[in-house]
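*Asks:* This is the structure, below, for whatever I ask next.
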Amino acid sequence: MKVEFRRNQDFWAGLMFFVIGAAAVLIARDYPFGRLLRMGSGYFPTVLGGILVLFGIYIMVRGLRRNEKVQADWSIRALILLPLVMVLFGVLMDRAGFIPALAVLAFGSAAASSEFKWGEVLLLTAFMTALSVAVFILGLGLPYPLVKGF
Amino acid sequence: MDLFHNLIYGFSVALSFQNALYCFIGCLLGTLIGVLPGIGPLATIAMLLPVTFTLPPVAALIMLAGIYYGAQYGGSTTAILVNLPGETSSVITCVDGYQMARQGRAGAALAIAAIGSFFAGTMCTMIIAMFGPVIAEIAFEFRAPEYFSLMLMGLVAAAVLAQGDMSKSLAMVSLGLLFGVVGTDVSTGVERFSFGITELSDGIGFVVIGVGVFAVGEIISNLGELQERLVQSSKVVHLFPTKEDLKQSIGPIVRGTLLGAFFGVLPGTGPAIASFASYMVEKKVAKDPSQFGHGAIQGVAGPESANNADAQCKFIPMLTLGIPASGTMAMMLGALIIQGITPGPQVMVNNRDLFWGLIASMWVGNLMLLVLNLPLVGLWVSLLKVPYRLLFPAIMVFSSIGIYSVNTSSMELNLAALFGALGFIWMKLGCPAAPMLLGFVLGPMLEENLRRTLLISRGDPSVFITRPISLAFVIATILILLTMAVPAVRKRQRRITG
C-alpha cells in the first residue's frame with residue numbers, strides 16, 4: 001500500500017496534536033508539579049499534554065493505515081489575506097486611527113474573494129467605513145480617534 | 001403554586017421595556033443570520049459578546065438567546081422557499097418544504113413551520129420551568145468531586161456524540177482544556193503558557209477564540225468552496241394552512257417536540273440530529289410514506305418542531321448545572337462568566353431575575369418570531385440576493401472592531417487571526433471545533449474542582465467512585481465511551497476483512 005503523506009488528513013491532525021501536547025509537557029516542566037494531594041500549576045497541563053501526545057500518536061498511526069485525503073479546495077488566498085488584514089487592522093488602530101484601519105480592513109477582506117471587482121470593492125470599503133464610524137463611534141461612543149498623526 | 005409565581009415573576013422581567021427590546025433585537029438578528037447561509041448563531045454570538053459587556057446580564061443573555069432560537073426560524077424560511085438551508089438544522093426541511101413550495105403551498109409550509117416551532121417553544125419553556133428547579137435542587141448537593149465527574153461526563157459525551165471522528169473530538173476537547181489553562185493560575189499565581197505576553201496573563205479571551213475560529217475560520221473555509229447561489233423564490237400565496245394541513249400536523253408537531261426535548265438535554269447532539277430523527281419517525285408512522293419527498297406536510301411540521309425544541313432545551317443543563325451541551329451554549333456560558341456570574345445551580349437563587357426572565361423571554365421571543373416572520377418573508381428572501389462576497393467583509397469588520405474594543409489591544413487581534421487560521425486548518429483536517437470550545441470554557445472549572453477534591457480527600461482519588469453521585473457520573477462516562485467505541489471497532493474490522 002502506498003501512503004501519501006502530503007494530503008493524509010489523519011497524519012497531519014495527529015502530528016498537530018502530538019506537537020502541541022509535547023510542547024505543553026516541555027513548557028510545563030518549568031512549573032511546580034506538586035503531588036496528587038496538592039497539585040502544582042504544572043500538574044494539569046502536563047497530564048493534558050500527555051493525553052494529547054497519546055491521541056496524536058494514535059491518530060497518526062491510524063492515518064497511515066486509513067490514508068484519508070484532505071479535501072482539495074484550499075483557499076490559500078483567504079487563509080493568508082484574512083488573518084493578515086486583522087493583524088494590520090490592529091497595528092493601524094494603534095498608530096493611524098479608526099478610518100485608515102477600517103479602510104484597509106474592509107478592502108483587504110474583500111480582496112480575499114476570488115470574485116474581486118475593483119469598483120464594487122471600493123464602494124463597499126467606503127460604505128463599511130462610513131457605517132462603522134456611524135455605528136461604533138457616533139452610536140456606541142467608542143473612544144477611538146478617527147485619524148491619528150504618525 | 002411556586003411554578004406560576006416564578007413564571008409570572010419571569011414575565012415581569014422579560015416584559016420590561018429594555019428586556020423586551022433586546023429580545024426583539026435578538027430575534028430579528030437571529031432570523032437574519034438564520035436566513036443567510038455561511039454565518040451561524042455561534043459566530044454571531046461571538047461577534048456580539050463585546051457589545052453585551054455594556055448591557056446588564058439579563059438583557060445580554062435575553063438578546064443572545066433570541067439570536068440562537070431566532071436562527072432556527074430563519075433557517076427554515078429559506079429552506080422552504082428557495083431550497084437553501086440557512087442552518088444545518090433545516091437541511092431536512094428542504095426535502096418536503098421546498099416541494100410544497102413548488103406545488104404552491106409555500107404559505108402553508110411556512111405557517112406550519114412557524115406554528116410547530118411556536119408550540120415546541122411554548123412546551124420547552126414549560127419543561128425548563130418545571131424541571132430546571134428540580135435539577136438545580138439535586139445539584140445543590142454536589143461538591144467538588146461530583147462537579148468534576150459531571151464536567152468530565154459532559155465533555156466526553158459532547159465529544160463522543162458529536163458527528164465525526166470520536167478520537168479527534170476527544171483530542172480537541174483536551175486541546176480546548178489546554179487553551180483554558182493559559183493565563184495566571186488562580187490557586188498558585190503562576191503564569192502559565194503566557195510567553196511573556198501581558199494580554200495572555202488573564203487567559204485567552206472567549207471573544208478571541210469564538211470570533212477567530214467560528215467567524216474568521218468559517219469565512220476562509222467558505223471562500224474555498226465557491227458556489228453561485230441561484231435564488232428563485234416561489235410566490236407565497238394562501239398563508240393559512242387548510243384544516244386538513246393542521247389535522248395532519250398535530251401529531252408530528254407533538255412527537256417532534258418530545259424528540260427535540262430529549263435530544264436537547266443530551267450533550268453534543270445538535271438540532272440537526274433532532275430534526276433528522278423526527279423526519280425518520282414521521283416517515284415510519286405515516287399512513288402513506290410515499291408522500292414523503294413530494295411535499296408531505298408532516299415532513300415539515302415534525303423536524304421544525306424538533307429543532308426548535310432541541311435548541312431551547314439545550315438551556316437546561318447550561319442554566320441549572322453550568323454544563324454547556326453545545327458550542328453555542330459554551331458561548332452563552334462564556335457570556336455569563338464575562339458578566340461576573342458563576343454558572344451552576346446557585347444562578348437560580350442568586351440571579352433569580354436572570355433565570356426566570358430568560359425562560360419567560362424565550363416564550364415572548366417565540367411569539368415575536370411567529371408574528372414577525374410570516375409578514376416579513378419577502379424581505380428575508382430578498383436578503384438572500386446579497387452575494388457572499390459583499391457579506392463576509394462586513395463580518396470581518398464587525399468582528400475585528402469587536403475584538404479590538406474588548407481591551408483596546410491589537411495583541412488580541414493577532415491572537416484571533418491565529419485562531420482564524422487554526423480554525424480553518426482544523427476544519428480541513430476533520431477536527432471538530434465545537435468540542436474544543438466546550439473544553440476551553442470548562443477547563444478552569446475542571447482543574448479547580450479536581451484540585452479541591454484531592455485536597456479534601458488528602459490526595460486519594462478513590463473519592464470519585466466512593467461518593468454515589470460521582471460514581472454514577474463516572475459509570476455513565478464509561479458507558480458512553482464503550483457504546484460509541486464498540487461500533488467503531490466493529491466497523492473497522494468489517495472494513496479490513498471485507
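How things are named: the first chain in the C-alpha cells is A, the next is B, and so on; residues count from 1 in each chain; ligands count from 1 in the order shown.
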Looking only at alpha helix (DSSP H) from DSSP on the backbone, list the matching residues of chain A as a PyMOL selection string.
*Replies:* chain A and resi 9-28+43-66+76-95+98-110+118-132
*Asks:* Write out as a tab-separated table a residue-level contact list of chain A versus chain B with cut-off 7 Å: for each qualifying residue the closest pair of atoms and the distance in Å to one decimal, counting only C-alpha atoms, rows sorted by chain and residue number upward.
*Replies:*
```
residue	atom	partner	partner_atom	distance
A:Gln9	CA	B:Leu429	CA	5.2
A:Asp10	CA	B:Leu429	CA	6.9
A:Ala13	CA	B:Leu429	CA	5.7
A:Leu36	CA	B:Gly459	CA	5.0
A:Leu37	CA	B:Gly459	CA	3.6
A:Arg38	CA	B:Leu455	CA	6.0
A:Met39	CA	B:Arg451	CA	6.3
A:Ser41	CA	B:Asp185	CA	6.6
A:Phe44	CA	B:Glu447	CA	6.8
A:Pro45	CA	B:Leu178	CA	6.3
A:Leu48	CA	B:Ser174	CA	6.2
A:Leu52	CA	B:Ala171	CA	6.1
A:Phe55	CA	B:Ala171	CA	6.1
A:Val70	CA	B:Lys428	CA	6.3
A:Gln71	CA	B:Lys428	CA	6.8
A:Asp73	CA	B:Gly224	CA	5.5
A:Trp74	CA	B:Gly224	CA	5.5
A:Ser75	CA	B:Gly224	CA	4.3
A:Ala78	CA	B:Ile220	CA	5.4
A:Leu79	CA	B:Ile220	CA	5.8
A:Pro83	CA	B:Ala417	CA	4.3
A:Met86	CA	B:Ala417	CA	6.1
A:Val87	CA	B:Asn414	CA	5.1
A:Gly90	CA	B:Ser410	CA	4.3
A:Val91	CA	B:Ser410	CA	6.4
A:Leu105	CA	B:Val397	CA	6.6
A:Ala106	CA	B:Pro393	CA	5.7
A:Ser109	CA	B:Pro393	CA	5.2
A:Ala110	CA	B:Pro393	CA	5.5
A:Ser113	CA	B:Arg389	CA	6.4
A:Met128	CA	B:Ala394	CA	6.8
```
*Asks:* Quick one: of B:Cys94, B:Leu28, B:Leu376, B:Val208, who's nearest to B:Pro303, counting only C-alpha atoms?
*Replies:*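 Selected residue with least distance to B:Pro303: B:Cys94.
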*Asks:* Residues at most 12 Å from B:Pro468, counting only C-alpha atoms, excluding those fewer than 3 positions away in the same chain, as a JSON list (two decimals) with C-alpha atoms, in the first residue's frame?
*Replies:*
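What ended up in out_14.json:
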```
[["chain", "number", "residue", "atom", "x", "y", "z"],
["B", 141, "GLU", "CA", -25.88, 18.60, 46.92],
["B", 142, "PHE", "CA", -22.95, 18.48, 44.51],
["B", 143, "ARG", "CA", -19.48, 19.12, 45.87],
["B", 145, "PRO", "CA", -15.92, 15.54, 43.21],
["B", 146, "GLU", "CA", -19.45, 15.50, 41.76],
["B", 149, "SER", "CA", -17.20, 13.87, 37.33],
["B", 462, "SER", "CA", -10.90, 6.99, 45.08],
["B", 463, "VAL", "CA", -13.43, 9.64, 46.27],
["B", 464, "PHE", "CA", -14.63, 9.85, 42.69],
["B", 465, "ILE", "CA", -16.00, 6.31, 42.94],
["B", 471, "LEU", "CA", -19.77, 7.23, 40.83],
["B", 472, "ALA", "CA", -22.95, 7.43, 38.75],
["B", 473, "PHE", "CA", -21.36, 10.09, 36.52],
["B", 474, "VAL", "CA", -18.16, 8.06, 36.19],
["B", 475, "ILE", "CA", -20.11, 4.93, 35.20]]
```
*Asks:* Set the distance at 9 Å and use only C-alpha atoms: which residues neighbour stretch 357-373 of chain B once local chain neighbours fewer than 3 positions away are removed? I'd like the list as number ranges by chain.
*Replies:* B: 7-15, 19-20, 23-24, 26-28, 31, 58-59, 61-62, 65-66, 69-70, 73-74, 77, 111, 114-115, 117-119, 121-122, 124-126, 128-129, 312, 352-354, 376-377, 380
*Asks:* Do a neighbour search on A:Gly40 at 8 Å with only C-alpha atoms, toss out local chain neighbours closer than 4 positions, and write the hits as a PyMOL selection string.
*Replies:* (chain A and resi 31-35) or (chain B and resi 188)
*Asks:* Find the residues near stretch 63-67 of chain A: any atom within 6 Å, counting only C-alpha atoms, skip ones fewer than 4 places away on the same chain, and give them as JSON, numbers by chain.
*Replies:* {"A": [8, 10, 11, 59]}
